[in-house]
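Novice: Pasting a structure here, questions to come.
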Amino acid sequence: MRKFLVVLLTVTMVFALIGCGGGATSTEEEEASGPSDITVAFIPKLTGNSFFESANLGAQDIAAQVGFDCIYTGSPEAAVANQVQVINSAVQQGVSALAISALTPDGLNNALEAAKEAGVKIVCWDSDVQNDMRSLHVAQGTPEQLGEMLVEMVAMQMTDEQKESAQYAWHYSSPTVTDQNSWQVYGEKYIKEAYPGWVNVFPDNYYSNQDAEKAVSIGESILQTYPDIDAIICNDSTALPGQAQAAENLDLSGEDVIITGFATPNGMRNFVKNGTVNAFGLWDCKVQGAMGAYLGYWLAAGNTFVVGDMIDIPGVGEVEVMPNTVLDENAYTADDSGVVLMPERTIFTIENIDDFDF
């Protein structure tokens with residue numbers, strides 16, 4: 001059994017009172033109307049997925065703590081048309097803010113424009129929209145951080161020989177999801193620089209559209225088509241457990257093929273304990289959900305910011321509003337549109353997975 005290095009990239013979580021820091025501006029609106037008059041629609045890519053269900057727990061926790069209403073609303077199918085319908089319905093119900101994990105960067109534009117015209121504040125978390133369509137985005141990290149993390153989770157499990165020459169493939173949700181594609185693009189760039197002997201056996205990538213059954217069938221196809229493949233990188237919380245289940249169905253273990261990526265520890269615990277997967281990673285999606293929901297509330301309460309300001313989030317502490325270019329050097333820039341980064345990411349192995357419950 002190989003020994004694996006567990007990397008915990010942590011930043012101390014500072015518990016703070018509700019407020020705003022830096023140059024962020026608070027108004028009297030929150031005091032006059034009260035948090036209970038504010039409703040945030042918390043919208044995932046799809047319901048029923050462990051990542052998004054855990055994120056919703058964080059959103060509901062902070063809503064209860066602060067006193068605003070948070071409605072969890074979405075579709076069990078990851079379809080852009082469904083997400084448009086969810087947004088339109090929430091706006092018609094009179095919500096104050098939307099906190100969205102988007103299925104597409106630009107396919108929601110008409111619905112979001114209508115929401116803005118209705119006075120609804122818009123925040124993204126996990127996966128972004130076109131930057132001029134929202135005020136803030138809670139990102140799990142930069143493409144550089146996450147792309148490198150995905151690749152290094154493969155490399156840490158390899159023999160010296162594999163590090164010199166290996167076959168690999170990517171398996172994730174779709175070619176239109178902003179966050180996952182940015183990680184894959186940077187991951188490919190990083191591989192060319194750090195591991196030039198690696199060969200991507202299917203450069204067009206495998207996509208399972210956040211469909212659990214499809215993730216298993218595509219996972220089996222990859223393993224059967226490329227029986228000598230060294231690693232499969234699944235930068236999607238549906239693709240990773242599906243790929244692991246495919247390996248288990250074919251009686252393959254982590255000693256036969258490296259399967260890694262991003263998913264919740266609760267969704268991957270059994271695969272780690274039975275040796276199908278030896279290491280994978282994520283960030284605390286409950287914290288990300290809490291941050292997204294709170295920032296939606298904070299804006300709806302009448303607060304404003306400019307890029308560079310600090311905002312206090314209960315249970316998280318001060319976060320800096322960074323320019324959109326921290327995620328994409330060609331991104332839209334404006335004082336009232338920015339990115340907040342998650343404070344930490346974690347690699348899970350058999351040694352630490354039971355320390356986490358989300």
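For the structure tokens, the naming scheme is as follows: chains receive sequential letters (A, B, ...) according to their order of presentation, residues are indexed from 1 within each chain, and ligands are indexed from 1 in presentation order.
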Could you give me, as a PyMOL selection string, the residues within 8 Å of range 280-288 of chain A, counting only C-alpha atoms and dropping anything in the same chain fewer than 3 positions from it?

Specialist: chain A and resi 51-52+54-59+125-126+138+140+150+153+260-264+277+291-292+316+342+344-349+358

Novice: Take the selection from the previous step and output its residues with N, CA and C atoms, as a tab-separated table (two decimals), in the first residue's frame.

Specialist:
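Generated output (part-v7.tsv):
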chain	number	residue	atom	x	y	z
A	51	PHE	N	-22.95	17.32	-2.75
A	51	PHE	CA	-22.26	18.61	-2.66
A	51	PHE	C	-23.26	19.74	-2.43
A	52	PHE	N	-24.31	19.77	-3.24
A	52	PHE	CA	-25.27	20.87	-3.15
A	52	PHE	C	-26.16	20.76	-1.92
A	54	SER	N	-25.14	19.56	0.94
A	54	SER	CA	-24.29	20.04	2.04
A	54	SER	C	-24.17	21.55	2.02
A	55	ALA	N	-24.02	22.13	0.82
A	55	ALA	CA	-23.96	23.59	0.71
A	55	ALA	C	-25.23	24.22	1.25
A	56	ASN	N	-26.37	23.61	0.97
A	56	ASN	CA	-27.63	24.14	1.48
A	56	ASN	C	-27.70	24.10	3.00
A	57	LEU	N	-27.11	23.08	3.62
A	57	LEU	CA	-27.07	23.04	5.08
A	57	LEU	C	-26.37	24.28	5.64
A	58	GLY	N	-25.26	24.66	5.00
A	58	GLY	CA	-24.55	25.86	5.43
A	58	GLY	C	-25.39	27.11	5.21
A	59	ALA	N	-26.10	27.17	4.09
A	59	ALA	CA	-26.96	28.32	3.81
A	59	ALA	C	-28.07	28.44	4.84
A	125	TRP	N	-22.17	31.28	-6.41
A	125	TRP	CA	-21.26	30.48	-5.58
A	125	TRP	C	-20.99	29.19	-6.36
A	126	ASP	N	-19.82	28.62	-6.20
A	126	ASP	CA	-19.41	27.39	-6.87
A	126	ASP	C	-19.15	27.60	-8.35
A	138	VAL	N	-18.65	33.59	-5.00
A	138	VAL	CA	-17.86	32.89	-3.99
A	138	VAL	C	-17.17	31.72	-4.69
A	140	GLN	N	-14.26	28.68	-5.05
A	140	GLN	CA	-13.57	27.71	-4.21
A	140	GLN	C	-12.05	27.84	-4.29
A	150	LEU	N	-5.71	19.21	-8.53
A	150	LEU	CA	-6.22	18.00	-9.19
A	150	LEU	C	-5.07	17.14	-9.73
A	153	MET	N	-2.89	15.61	-6.91
A	153	MET	CA	-3.53	14.47	-6.24
A	153	MET	C	-3.31	13.18	-7.02
A	260	THR	N	-9.35	10.15	-8.92
A	260	THR	CA	-9.35	11.25	-7.96
A	260	THR	C	-10.13	12.42	-8.52
A	261	GLY	N	-10.33	13.43	-7.70
A	261	GLY	CA	-11.09	14.60	-8.14
A	261	GLY	C	-11.72	15.28	-6.95
A	262	PHE	N	-12.87	15.91	-7.19
A	262	PHE	CA	-13.56	16.69	-6.16
A	262	PHE	C	-14.94	16.10	-5.87
A	263	ALA	N	-15.21	15.84	-4.60
A	263	ALA	CA	-16.52	15.39	-4.13
A	263	ALA	C	-16.53	15.51	-2.62
A	264	THR	N	-17.71	15.33	-2.01
A	264	THR	CA	-17.80	15.43	-0.56
A	264	THR	C	-17.26	14.16	0.10
A	277	VAL	N	-10.73	4.23	-4.03
A	277	VAL	CA	-10.13	5.56	-4.18
A	277	VAL	C	-9.22	5.81	-2.97
A	291	MET	N	-21.49	31.32	2.83
A	291	MET	CA	-20.96	32.56	2.29
A	291	MET	C	-21.85	33.10	1.16
A	292	GLY	N	-22.28	32.22	0.26
A	292	GLY	CA	-23.13	32.65	-0.84
A	292	GLY	C	-24.46	33.20	-0.36
A	316	VAL	N	-17.14	33.03	9.53
A	316	VAL	CA	-16.03	32.94	8.57
A	316	VAL	C	-15.00	34.01	8.84
A	342	MET	N	-12.78	31.14	-1.28
A	342	MET	CA	-12.89	30.25	-0.13
A	342	MET	C	-11.57	30.22	0.64
A	344	GLU	N	-10.10	27.70	2.36
A	344	GLU	CA	-9.29	26.48	2.47
A	344	GLU	C	-9.75	25.39	1.53
A	345	ARG	N	-8.82	24.45	1.27
A	345	ARG	CA	-9.10	23.23	0.51
A	345	ARG	C	-8.41	22.08	1.23
A	346	THR	N	-8.94	20.86	1.08
A	346	THR	CA	-8.43	19.72	1.84
A	346	THR	C	-8.32	18.49	0.95
A	347	ILE	N	-7.30	17.68	1.17
A	347	ILE	CA	-7.18	16.37	0.54
A	347	ILE	C	-7.59	15.32	1.56
A	348	PHE	N	-8.47	14.41	1.15
A	348	PHE	CA	-8.99	13.37	2.03
A	348	PHE	C	-8.36	12.02	1.68
A	349	THR	N	-7.98	11.27	2.71
A	349	THR	CA	-7.46	9.91	2.56
A	349	THR	C	-8.07	9.05	3.66
A	358	PHE	N	-19.58	16.08	5.87
A	358	PHE	CA	-20.38	16.91	4.97
A	358	PHE	C	-20.36	16.31	3.58

Novice: Going by DSSP on the backbone, which bits of range 208-276 of chain A are strand (DSSP E)? Write them as JSON, numbers by chain, please.

Specialist: {"A": [231, 232, 233, 234, 258, 259, 260, 261]}

Novice: So the first atom is CA of Ile122 in chain A and the second is CA of Asp211 in chain A; what is the distance between them in Å, to one decimal place?

Specialist: 26.8 Å

Novice: Fewer than 3 positions away in the same chain doesn't count, so skip those; otherwise give me all residues within 7 Å of Gly275 in chain A, counting only C-alpha atoms, as a PyMOL selection string.

Specialist: chain A and resi 253-254+271-272+278

Novice: Considering only C-alpha atoms, state which residue in the set A:Ala293, A:Met158, A:Ala246, A:Leu299 is at the smallest distance from Ile258 in chain A.

Specialist: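 Of A:Ala293, A:Met158, A:Ala246, A:Leu299, the one nearest Ile258 in chain A, counting only C-alpha atoms, is A:Met158.
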
Novice: Return as an MDAnalysis selection string the full set of residues in range 25-257 of chain A whose backbone-based DSSP assignment is helix (DSSP H, G or I).

Specialist: chainID A and resid 29:33 35:37 50:66 80:92 109:117 131:133 143:155 160:164 178:194 212:225 239:249

Novice: From the list A:Ala111, A:Ala102, A:Ile38, A:Ala279, which residue is nearest Asn352 in chain A when using only C-alpha atoms?

Specialist: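 So, comparing all the options, the nearest one is A:Ala279.
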
Novice: Fewer than 2 positions away in the same chain doesn't count, so skip those; otherwise give me all residues within 8 Å of range 327-336 of chain A, counting only C-alpha atoms, as a list in words.

Specialist: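 Skipping anything fewer than 2 positions along the chain leaves Asn131, Asp132, Ser135, Thr142, Pro143, Thr304, Phe305, Val306, Val307, Pro323, Asn324, Thr325 and Gly338 of chain A.
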
Novice: Pick out the closest residue to Gln65 in chain A from this set: A:Glu248, A:Gly48, A:Ala290, A:Leu295. Count only C-alpha atoms.

Specialist: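 Selected residue with least distance to Gln65 in chain A: A:Ala290.
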
Novice: Out of A:Glu144, A:Asp37, A:Asp230, A:Glu77, which residue has the shortest atom-to-atom distance to Glu161 in chain A when counting only C-alpha atoms?

Specialist: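 Of the candidates, the smallest distance to Glu161 in chain A is held by A:Asp230.
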
Novice: Using only C-alpha atoms, which protein or nucleic acid residues come within 8 Å of Ser75 in chain A? Drop anything in the same chain fewer than 2 positions from it, and give the result as JSON, numbers by chain.

Specialist: {"A": [45, 46, 47, 73, 77, 78, 82, 83, 86]}

Novice: Can you write just those residues out, N, CA and C atoms, as a PDB file, in the first residue's frame?

Specialist:
ATOM      1  N   LYS A  45     -26.963  23.734  -8.866  1.00  0.00           N
ATOM      2  CA  LYS A  45     -27.028  23.223 -10.236  1.00  0.00           C
ATOM      3  C   LYS A  45     -28.108  22.160 -10.352  1.00  0.00           C
ATOM      4  N   LEU A  46     -28.200  21.329  -9.308  1.00  0.00           N
ATOM      5  CA  LEU A  46     -29.260  20.328  -9.234  1.00  0.00           C
ATOM      6  C   LEU A  46     -29.447  19.919  -7.787  1.00  0.00           C
ATOM      7  N   THR A  47     -30.619  19.458  -7.442  1.00  0.00           N
ATOM      8  CA  THR A  47     -30.884  18.968  -6.093  1.00  0.00           C
ATOM      9  C   THR A  47     -30.571  17.471  -6.029  1.00  0.00           C
ATOM     10  N   THR A  73     -34.167  26.035  -3.633  1.00  0.00           N
ATOM     11  CA  THR A  73     -35.029  25.740  -4.767  1.00  0.00           C
ATOM     12  C   THR A  73     -34.188  25.377  -5.984  1.00  0.00           C
ATOM     13  N   GLU A  77     -32.756  17.680 -12.148  1.00  0.00           N
ATOM     14  CA  GLU A  77     -32.050  17.482 -13.412  1.00  0.00           C
ATOM     15  C   GLU A  77     -31.218  18.719 -13.732  1.00  0.00           C
ATOM     16  N   ALA A  78     -29.957  18.501 -14.075  1.00  0.00           N
ATOM     17  CA  ALA A  78     -29.044  19.607 -14.368  1.00  0.00           C
ATOM     18  C   ALA A  78     -29.250  20.086 -15.801  1.00  0.00           C
ATOM     19  N   ASN A  82     -34.247  24.251 -16.978  1.00  0.00           N
ATOM     20  CA  ASN A  82     -34.820  24.087 -15.643  1.00  0.00           C
ATOM     21  C   ASN A  82     -34.329  25.173 -14.698  1.00  0.00           C
ATOM     22  N   GLN A  83     -33.033  25.513 -14.803  1.00  0.00           N
ATOM     23  CA  GLN A  83     -32.498  26.545 -13.908  1.00  0.00           C
ATOM     24  C   GLN A  83     -33.093  27.915 -14.241  1.00  0.00           C
ATOM     25  N   VAL A  86     -36.427  27.977 -12.576  1.00  0.00           N
ATOM     26  CA  VAL A  86     -36.285  28.159 -11.131  1.00  0.00           C
ATOM     27  C   VAL A  86     -36.045  29.631 -10.802  1.00  0.00           C
TER      28      VAL A  86
END

Novice: How far is it from CA of Asn266 in chain A to CA of Leu341 in chain A, in Å with one decimal?

Specialist: 23.4 Å

Novice: Would you list the contacts of Tyr207 in chain A as a ChimeraX atom specification, taking every protein, DNA or RNA residue within 12 Å and counting only C-alpha atoms, but skipping same-chain residues closer than 3 positions in sequence?

Specialist: /A:169-177,180-181,202-204,210-212,214-219,221-222,233-236,238-240,242-243

Novice: Give me the residues within 10 Å of Gly67 in chain A as a count of residues only, counting only C-alpha atoms and dropping any in the same chain fewer than 3 places off.

Specialist: 12

Novice: Return the single residue from A:Ala166, A:Cys124, A:Ala300, A:Ala139 that is closest to Ser96 in chain A, with distances computed using only C-alpha atoms.

Specialist: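 Checking each of A:Ala166, A:Cys124, A:Ala300, A:Ala139 against Ser96 in chain A, counting only C-alpha atoms, the winner is A:Ala300.
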
Novice: So what do you get for CA of Asp256 in chain A versus CA of Gln224 in chain A, distance-wise?

Specialist: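 About the pair CA of Asp256 in chain A and CA of Gln224 in chain A: they are 12.9 Å apart.
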